[in-house]
file upload-v3.cif (mmCIF, C-alpha atoms)
data_protein
#
loop_
_atom_site.label_atom_id
_atom_site.label_comp_id
_atom_site.auth_asym_id
_atom_site.auth_seq_id
_atom_site.Cartn_x
_atom_site.Cartn_y
_atom_site.Cartn_z
CA MET O 1 75.85 53.75 -24.72
CA THR O 2 72.07 53.70 -24.25
CA THR O 3 69.36 55.83 -25.83
CA ALA O 4 66.68 57.78 -23.96
CA LEU O 5 63.55 59.24 -25.56
CA ILE O 6 62.04 62.17 -23.65
CA THR O 7 58.73 63.83 -24.45
CA GLY O 8 58.24 67.48 -23.53
CA ALA O 9 62.03 67.70 -23.71
CA THR O 10 62.63 71.41 -24.30
CA ALA O 11 61.56 72.85 -20.95
CA GLY O 12 61.21 72.13 -17.25
CA ILE O 13 61.54 68.55 -16.03
CA GLY O 14 61.94 67.18 -19.56
CA ALA O 15 64.86 69.51 -20.29
CA ALA O 16 66.42 68.62 -16.93
CA PHE O 17 66.18 64.91 -17.80
CA ALA O 18 67.84 65.64 -21.15
CA ARG O 19 70.75 67.53 -19.55
CA ARG O 20 71.29 64.94 -16.84
CA LEU O 21 71.19 61.98 -19.23
CA ALA O 22 73.42 63.75 -21.75
CA ARG O 23 75.94 64.39 -18.98
CA GLY O 24 75.88 60.65 -18.32
CA GLY O 25 76.69 59.89 -21.95
CA HIS O 26 73.26 58.75 -23.14
CA ARG O 27 72.12 59.28 -26.71
CA LEU O 28 68.92 61.30 -26.79
CA VAL O 29 65.72 61.49 -28.79
CA LEU O 30 64.04 64.78 -27.89
CA VAL O 31 60.31 65.13 -28.55
CA ALA O 32 58.38 68.42 -28.46
CA ARG O 33 56.00 70.53 -30.57
CA ASP O 34 58.21 73.51 -31.38
CA THR O 35 60.66 72.46 -34.11
CA GLU O 36 62.92 75.50 -33.84
CA ARG O 37 63.25 75.27 -30.08
CA LEU O 38 63.71 71.51 -30.30
CA GLU O 39 66.55 71.77 -32.79
CA ARG O 40 68.27 74.43 -30.69
CA ALA O 41 68.07 72.19 -27.63
CA ALA O 42 69.45 69.19 -29.53
CA ALA O 43 72.33 71.23 -30.94
CA ALA O 44 73.18 72.69 -27.53
CA LEU O 45 73.26 69.26 -25.86
CA HIS O 46 75.45 67.85 -28.62
CA ALA O 47 77.82 70.79 -28.38
CA GLU O 48 78.12 70.68 -24.59
CA TYR O 49 78.18 66.93 -23.94
CA GLY O 50 79.22 65.43 -27.30
CA VAL O 51 76.25 63.06 -27.40
CA GLU O 52 73.95 62.32 -30.32
CA ALA O 53 70.71 64.27 -29.86
CA GLU O 54 67.91 63.56 -32.31
CA ALA O 55 65.05 66.07 -32.64
CA LEU O 56 61.57 64.64 -33.29
CA THR O 57 58.78 67.17 -33.70
CA ALA O 58 55.45 65.79 -32.48
CA ASP O 59 52.32 67.22 -30.87
CA LEU O 60 51.04 64.47 -28.57
CA ALA O 61 47.57 66.03 -28.52
CA THR O 62 47.21 64.80 -32.12
CA GLU O 63 46.97 61.37 -33.70
CA GLU O 64 49.83 62.18 -36.07
CA GLY O 65 52.10 63.23 -33.23
CA ILE O 66 51.54 60.11 -31.18
CA ALA O 67 51.96 57.87 -34.23
CA ALA O 68 55.30 59.49 -35.11
CA VAL O 69 56.74 58.77 -31.66
CA GLU O 70 55.27 55.25 -31.64
CA ALA O 71 57.10 54.54 -34.90
CA ARG O 72 60.40 55.77 -33.47
CA LEU O 73 60.01 53.63 -30.35
CA ALA O 74 59.18 50.55 -32.43
CA ASP O 75 62.27 50.94 -34.65
CA SER O 76 64.33 47.86 -33.73
CA ALA O 77 67.33 49.19 -35.65
CA ARG O 78 67.53 52.16 -33.26
CA PRO O 79 66.41 50.80 -29.89
CA VAL O 80 65.30 53.05 -27.05
CA ASP O 81 66.43 51.92 -23.60
CA LEU O 82 64.72 54.58 -21.49
CA LEU O 83 61.38 56.24 -22.23
CA VAL O 84 60.45 59.33 -20.22
CA ASN O 85 56.79 60.23 -20.75
CA ASN O 86 57.01 63.79 -19.50
CA ALA O 87 54.83 65.87 -21.86
CA GLY O 88 51.85 67.47 -20.14
CA PHE O 89 50.00 70.67 -19.36
CA GLY O 90 47.32 72.16 -17.11
CA ASN O 91 44.09 74.02 -17.78
CA LYS O 92 43.26 77.08 -15.72
CA GLY O 93 39.89 77.07 -13.97
CA ALA O 94 37.50 74.77 -12.16
CA PHE O 95 35.85 71.86 -13.94
CA GLY O 96 32.98 73.06 -16.11
CA THR O 97 34.66 76.37 -16.90
CA VAL O 98 37.33 74.83 -19.13
CA PRO O 99 36.34 74.15 -22.77
CA LEU O 100 35.64 70.47 -23.32
CA GLN O 101 38.15 70.21 -26.17
CA ASP O 102 40.90 71.48 -23.86
CA GLU O 103 40.00 68.75 -21.36
CA LEU O 104 40.03 66.12 -24.12
CA ASP O 105 43.43 67.34 -25.34
CA MET O 106 44.76 66.93 -21.81
CA LEU O 107 43.48 63.37 -21.62
CA LYS O 108 45.06 62.57 -24.98
CA VAL O 109 48.48 63.81 -23.81
CA HIS O 110 48.35 62.55 -20.22
CA ILE O 111 46.63 59.20 -20.82
CA GLU O 112 46.40 58.08 -24.45
CA ALA O 113 49.94 59.14 -25.34
CA VAL O 114 51.38 57.54 -22.20
CA LEU O 115 49.49 54.31 -22.88
CA ARG O 116 50.44 54.11 -26.54
CA LEU O 117 54.08 55.13 -26.19
CA THR O 118 54.61 52.70 -23.32
CA THR O 119 52.98 49.98 -25.40
CA ALA O 120 55.29 50.78 -28.33
CA ALA O 121 58.43 50.75 -26.19
CA LEU O 122 57.91 47.63 -24.10
CA PRO O 123 58.16 44.80 -26.68
CA GLY O 124 61.73 45.74 -27.63
CA MET O 125 62.73 46.22 -24.02
CA ARG O 126 61.32 42.85 -23.04
CA GLU O 127 63.09 41.16 -25.93
CA ARG O 128 66.41 42.70 -24.90
CA GLY O 129 65.78 41.93 -21.23
CA ARG O 130 66.40 45.50 -20.10
CA GLY O 131 64.98 48.98 -20.25
CA ALA O 132 62.89 51.41 -18.26
CA VAL O 133 59.87 53.68 -18.55
CA VAL O 134 59.42 56.76 -16.36
CA ASN O 135 55.93 58.24 -16.46
CA VAL O 136 55.78 61.75 -15.04
CA ALA O 137 52.65 62.16 -12.93
CA SER O 138 52.16 64.59 -10.02
CA VAL O 139 51.45 64.86 -6.32
CA ALA O 140 48.03 65.97 -7.61
CA ALA O 141 47.41 62.28 -8.39
CA PHE O 142 46.73 61.78 -4.68
CA LEU O 143 44.49 64.85 -4.25
CA PRO O 144 41.00 65.27 -5.75
CA ARG O 145 41.63 67.91 -8.40
CA GLY O 146 39.39 67.63 -11.46
CA THR O 147 40.64 66.35 -14.80
CA TYR O 148 44.30 67.11 -14.16
CA GLY O 149 44.51 65.16 -10.91
CA ALA O 150 42.38 62.34 -12.30
CA SER O 151 44.63 61.94 -15.32
CA LYS O 152 47.73 61.86 -13.15
CA ALA O 153 46.10 59.31 -10.82
CA TRP O 154 45.60 57.13 -13.89
CA VAL O 155 49.30 57.47 -14.74
CA VAL O 156 50.31 56.23 -11.28
CA SER O 157 47.85 53.32 -11.29
CA PHE O 158 48.75 52.33 -14.85
CA THR O 159 52.49 52.41 -14.16
CA GLN O 160 52.33 50.33 -11.01
CA GLY O 161 49.90 47.87 -12.58
CA VAL O 162 52.02 47.30 -15.68
CA LEU O 163 55.14 46.90 -13.55
CA ARG O 164 53.56 43.89 -11.85
CA ASP O 165 53.03 42.32 -15.27
CA LEU O 166 56.70 42.90 -16.12
CA GLY O 167 58.06 40.84 -13.22
CA GLY O 168 61.17 38.91 -14.23
CA THR O 169 61.61 40.64 -17.60
CA GLY O 170 64.38 43.04 -16.55
CA VAL O 171 62.24 46.04 -17.51
CA ARG O 172 61.49 48.72 -14.92
CA MET O 173 58.55 51.12 -14.64
CA MET O 174 58.25 54.11 -12.35
CA ALA O 175 55.75 56.92 -11.80
CA LEU O 176 57.39 60.23 -10.91
CA CYS O 177 55.21 62.52 -8.76
CA PRO O 178 56.74 65.94 -8.17
CA GLY O 179 55.06 68.78 -6.33
CA PHE O 180 55.50 72.45 -7.26
CA THR O 181 58.51 72.63 -9.58
CA ARG O 182 60.15 75.66 -11.17
CA THR O 183 59.18 75.14 -14.83
CA GLU O 184 57.11 76.91 -17.50
CA PHE O 185 54.03 74.88 -16.52
CA HIS O 186 52.08 77.56 -14.67
CA GLN O 187 53.07 80.37 -17.02
CA ARG O 188 51.87 78.44 -20.08
CA ALA O 189 48.55 77.73 -18.39
CA GLY O 190 48.11 81.36 -17.33
CA MET O 191 48.09 80.40 -13.65
CA GLY O 192 49.31 82.74 -10.96
CA THR O 193 51.91 81.46 -8.50
CA GLY O 194 52.24 84.41 -6.15
CA ASN O 195 50.33 82.62 -3.38
CA ILE O 196 52.58 79.54 -3.43
CA PRO O 197 55.09 79.62 -0.53
CA ARG O 198 58.75 79.72 -1.52
CA TRP O 199 59.56 76.68 0.59
CA SER O 200 57.20 74.53 -1.47
CA TRP O 201 59.14 74.86 -4.72
CA LEU O 202 61.55 72.24 -6.07
CA SER O 203 64.07 72.67 -8.86
CA ALA O 204 63.68 70.52 -11.96
CA GLU O 205 67.26 69.33 -11.47
CA ARG O 206 66.49 68.04 -7.98
CA VAL O 207 63.36 66.27 -9.22
CA VAL O 208 65.37 64.48 -11.91
CA GLU O 209 68.23 63.50 -9.60
CA GLU O 210 65.84 61.95 -7.09
CA ALA O 211 63.88 60.27 -9.88
CA LEU O 212 66.94 58.59 -11.41
CA ARG O 213 68.14 57.51 -7.98
CA ASP O 214 64.76 55.95 -7.21
CA LEU O 215 64.64 54.28 -10.62
CA ALA O 216 68.07 52.71 -10.00
CA ARG O 217 66.75 51.41 -6.68
CA GLY O 218 63.84 49.70 -8.41
CA LYS O 219 61.10 51.88 -6.95
CA SER O 220 57.73 52.04 -8.69
CA LEU O 221 56.89 55.47 -7.26
CA SER O 222 59.16 58.48 -6.82
CA VAL O 223 58.01 61.52 -4.81
CA PRO O 224 60.89 64.03 -4.66
CA GLY O 225 61.26 66.07 -1.47
CA LYS O 226 60.48 65.14 2.12
CA ARG O 227 57.58 67.58 2.35
CA TYR O 228 55.84 66.01 -0.63
CA LYS O 229 56.50 62.50 0.63
CA ALA O 230 54.64 63.58 3.78
CA VAL O 231 51.74 65.01 1.73
CA VAL O 232 51.35 61.76 -0.21
CA ALA O 233 51.57 59.67 2.96
CA LEU O 234 48.87 61.79 4.60
CA ALA O 235 46.63 61.63 1.54
CA ARG O 236 46.88 57.85 1.55
CA LEU O 237 46.01 57.63 5.24
CA LEU O 238 42.96 59.87 5.12
CA PRO O 239 39.59 58.66 3.79
CA SER O 240 39.14 59.12 0.05
CA GLY O 241 38.65 62.82 -0.66
CA GLY O 242 39.92 63.80 2.78
CA LEU O 243 42.02 66.62 1.34
CA GLY O 244 39.42 67.49 -1.26
CA GLY O 245 38.39 70.85 0.18
CA LEU O 246 41.91 72.22 0.36
CA SER O 247 42.88 70.78 -3.00
CA SER O 248 39.79 72.02 -4.81
CA LYS O 249 40.22 75.56 -3.47
CA ALA O 250 43.87 75.66 -4.48
CA ALA O 251 43.13 74.34 -7.95
CA ARG O 252 41.15 77.45 -8.82
CA THR O 253 44.34 79.52 -8.96
CA TYR O 254 47.16 77.03 -9.55
CA ARG O 255 47.99 73.37 -10.05
CA THR O 256 50.98 71.20 -9.25
CA ASN O 257 53.12 69.60 -11.92
#
call {"tool": "encode", "arguments": {"input": "upload-v3.cif", "output": "structure tokens"}}
result
Amino acid sequence: MTTALITGATAGIGAAFARRLARGGHRLVLVARDTERLERAAAALHAEYGVEAEALTADLATEEGIAAVEARLADSARPVDLLVNNAGFGNKGAFGTVPLQDELDMLKVHIEAVLRLTTAALPGMRERGRGAVVNVASVAAFLPRGTYGASKAWVVSFTQGVLRDLGGTGVRMMALCPGFTRTEFHQRAGMGTGNIPRWSWLSAERVVEEALRDLARGKSLSVPGKRYKAVVALARLLPSGGLGGLSSKAARTYRTN
């Protein structure tokens, strides 16, 4: 039985990962900020699937939060076989209208936490000759979209770059880039979603199923849904910033996750 550590594990894609992995018999380490909600989620997963579900309260926008998860990942007596860096959020508004501290908090969660937690997890995985890291990015990584898109572009580049350095170790890395997904993401950010077409939405469960299938196939990039695969392919074909006008306009009312 293997152990998976999931950040942002109480809602949306993180919660879907937890349910799917619990159903497969994996032990879980659930990381989130809200202790009460976290403990409820851990208890529910244990009750339904009979797996061990550890609750670790940590705010990854803080030094203390990141350090607590680093310590758990580095604990050789309780090895983690799969790390899912899923925690993240969006800020409503165009660049320059969002408070600087909110932007810095986003970078700490999307970039610093991903870098440090991956760094903490990899030595043990390499020593054991197995393991995997899934870094949740976004289709926004391929579209010019202020701080959010830039941070997710870093996640994709970082993941694919590190994977090349892991050749022959038995450790896998994958960036997961979903489009619009039914989660609490937009509600928490105060973003309206009424202008987003129904056909563009994915379920968190579908995102996770496609992600785990792509991870098993050894892919470094997973883009769930044919429509979003087409968007990413088009963005890569066009000159840099080719979809910038459309993306920038959309970002003023909503963002992808």
call {"tool": "resolve_selection", "arguments": {"input": "upload-v3.cif", "expression": "the PyMOL selection byres ((chain O and resi 124-141) around 8)", "output": "number ranges by chain"}}
result
O: 74, 76, 79-86, 114, 118, 121-123, 142-145, 148-156, 159, 169-179, 223, 228, 232, 255-257
call {"tool": "closest_residue", "arguments": {"input": "upload-v3.cif", "among": "O:Ala15, O:Gly65, O:His110, O:Gly8", "to": "O:Ala44", "atoms": "only C-alpha atoms"}}
result
O:Ala15
call {"tool": "residues_around", "arguments": {"input": "upload-v3.cif", "residues": "stretch 23-32 of chain O", "least_positions_apart": "5", "cutoff": "7 Å", "atoms": "only C-alpha atoms", "output": "list in words"}}
result
Met1, Thr2, Thr3, Ala4, Leu5, Ile6, Thr7, Gly8, Ala9, Thr10, Leu38, Tyr49, Val51, Glu52, Ala53, Glu54, Ala55, Leu56, Thr57, Ala58 and Asp59 of chain O
call {"tool": "atom_distance", "arguments": {"input": "upload-v3.cif", "atom1": "atom CA of O:Ala42", "atom2": "atom CA of O:Ala216"}}
result
25.6 Å
call {"tool": "closest_residue", "arguments": {"input": "upload-v3.cif", "among": "O:Leu73, O:Val98, O:Gly168, O:Leu60", "to": "O:Asp34", "atoms": "only C-alpha atoms"}}
result
O:Leu60
call {"tool": "atom_distance", "arguments": {"input": "upload-v3.cif", "atom1": "atom CA of O:Pro99", "atom2": "atom CA of O:Glu112"}}
result
19.0 Å
call {"tool": "residues_near_point", "arguments": {"input": "upload-v3.cif", "point": "(62.0, 69.6, -10.7)", "cutoff": "7 Å", "atoms": "only C-alpha atoms", "output": "list in words"}}
result
Ile13, Pro178, Thr181, Arg182, Leu202, Ser203, Ala204, Glu205, Arg206, Val207 and Val208 of chain O
call {"tool": "closest_residue", "arguments": {"input": "upload-v3.cif", "among": "O:Gly161, O:Gly88, O:Gly146, O:Gly225", "to": "O:Ala61", "atoms": "only C-alpha atoms"}}
result
O:Gly88
call {"tool": "atom_distance", "arguments": {"input": "upload-v3.cif", "atom1": "atom CA of O:Ala22", "atom2": "atom CA of O:Glu39"}}
result
15.3 Å
call {"tool": "axis_aligned_box", "arguments": {"input": "upload-v3.cif", "around": "stretch 39-47 of chain O", "padding_each_side": "6 Å", "output": "AutoDock Vina command-line options"}}
result
--center_x 72.2 --center_y 71.1 --center_z -29.3 --size_x 23.3 --size_y 18.6 --size_z 18.9
call {"tool": "build_atoms", "arguments": {"input": "upload-v3.cif", "residues": "stretch 75-87 of chain O", "atoms": "N, CA and C atoms", "output": "PDB file, in the coordinates of the input"}}
result
ATOM      1  N   ASP O  75      61.191  51.143 -33.696  1.00  0.00           N
ATOM      2  CA  ASP O  75      62.270  50.940 -34.650  1.00  0.00           C
ATOM      3  C   ASP O  75      63.364  50.077 -34.008  1.00  0.00           C
ATOM      4  N   SER O  76      63.381  48.793 -34.347  1.00  0.00           N
ATOM      5  CA  SER O  76      64.330  47.860 -33.730  1.00  0.00           C
ATOM      6  C   SER O  76      65.769  48.137 -34.122  1.00  0.00           C
ATOM      7  N   ALA O  77      65.975  48.860 -35.227  1.00  0.00           N
ATOM      8  CA  ALA O  77      67.330  49.190 -35.650  1.00  0.00           C
ATOM      9  C   ALA O  77      67.938  50.302 -34.804  1.00  0.00           C
ATOM     10  N   ARG O  78      67.066  51.061 -34.119  1.00  0.00           N
ATOM     11  CA  ARG O  78      67.530  52.160 -33.260  1.00  0.00           C
ATOM     12  C   ARG O  78      66.805  52.050 -31.914  1.00  0.00           C
ATOM     13  N   PRO O  79      67.163  51.063 -31.121  1.00  0.00           N
ATOM     14  CA  PRO O  79      66.410  50.800 -29.890  1.00  0.00           C
ATOM     15  C   PRO O  79      66.482  51.915 -28.866  1.00  0.00           C
ATOM     16  N   VAL O  80      65.384  52.091 -28.155  1.00  0.00           N
ATOM     17  CA  VAL O  80      65.300  53.050 -27.050  1.00  0.00           C
ATOM     18  C   VAL O  80      65.318  52.276 -25.744  1.00  0.00           C
ATOM     19  N   ASP O  81      66.244  52.642 -24.859  1.00  0.00           N
ATOM     20  CA  ASP O  81      66.430  51.920 -23.600  1.00  0.00           C
ATOM     21  C   ASP O  81      65.686  52.554 -22.433  1.00  0.00           C
ATOM     22  N   LEU O  82      65.428  53.863 -22.544  1.00  0.00           N
ATOM     23  CA  LEU O  82      64.720  54.580 -21.490  1.00  0.00           C
ATOM     24  C   LEU O  82      63.698  55.509 -22.137  1.00  0.00           C
ATOM     25  N   LEU O  83      62.449  55.350 -21.775  1.00  0.00           N
ATOM     26  CA  LEU O  83      61.380  56.240 -22.230  1.00  0.00           C
ATOM     27  C   LEU O  83      60.936  57.090 -21.060  1.00  0.00           C
ATOM     28  N   VAL O  84      60.945  58.408 -21.242  1.00  0.00           N
ATOM     29  CA  VAL O  84      60.450  59.330 -20.220  1.00  0.00           C
ATOM     30  C   VAL O  84      59.219  60.031 -20.792  1.00  0.00           C
ATOM     31  N   ASN O  85      58.052  59.606 -20.342  1.00  0.00           N
ATOM     32  CA  ASN O  85      56.790  60.230 -20.750  1.00  0.00           C
ATOM     33  C   ASN O  85      56.548  61.446 -19.863  1.00  0.00           C
ATOM     34  N   ASN O  86      57.048  62.587 -20.318  1.00  0.00           N
ATOM     35  CA  ASN O  86      57.010  63.790 -19.500  1.00  0.00           C
ATOM     36  C   ASN O  86      56.031  64.845 -20.005  1.00  0.00           C
ATOM     37  N   ALA O  87      55.670  64.819 -21.285  1.00  0.00           N
ATOM     38  CA  ALA O  87      54.830  65.870 -21.860  1.00  0.00           C
ATOM     39  C   ALA O  87      53.516  66.008 -21.086  1.00  0.00           C
TER      40      ALA O  87
END
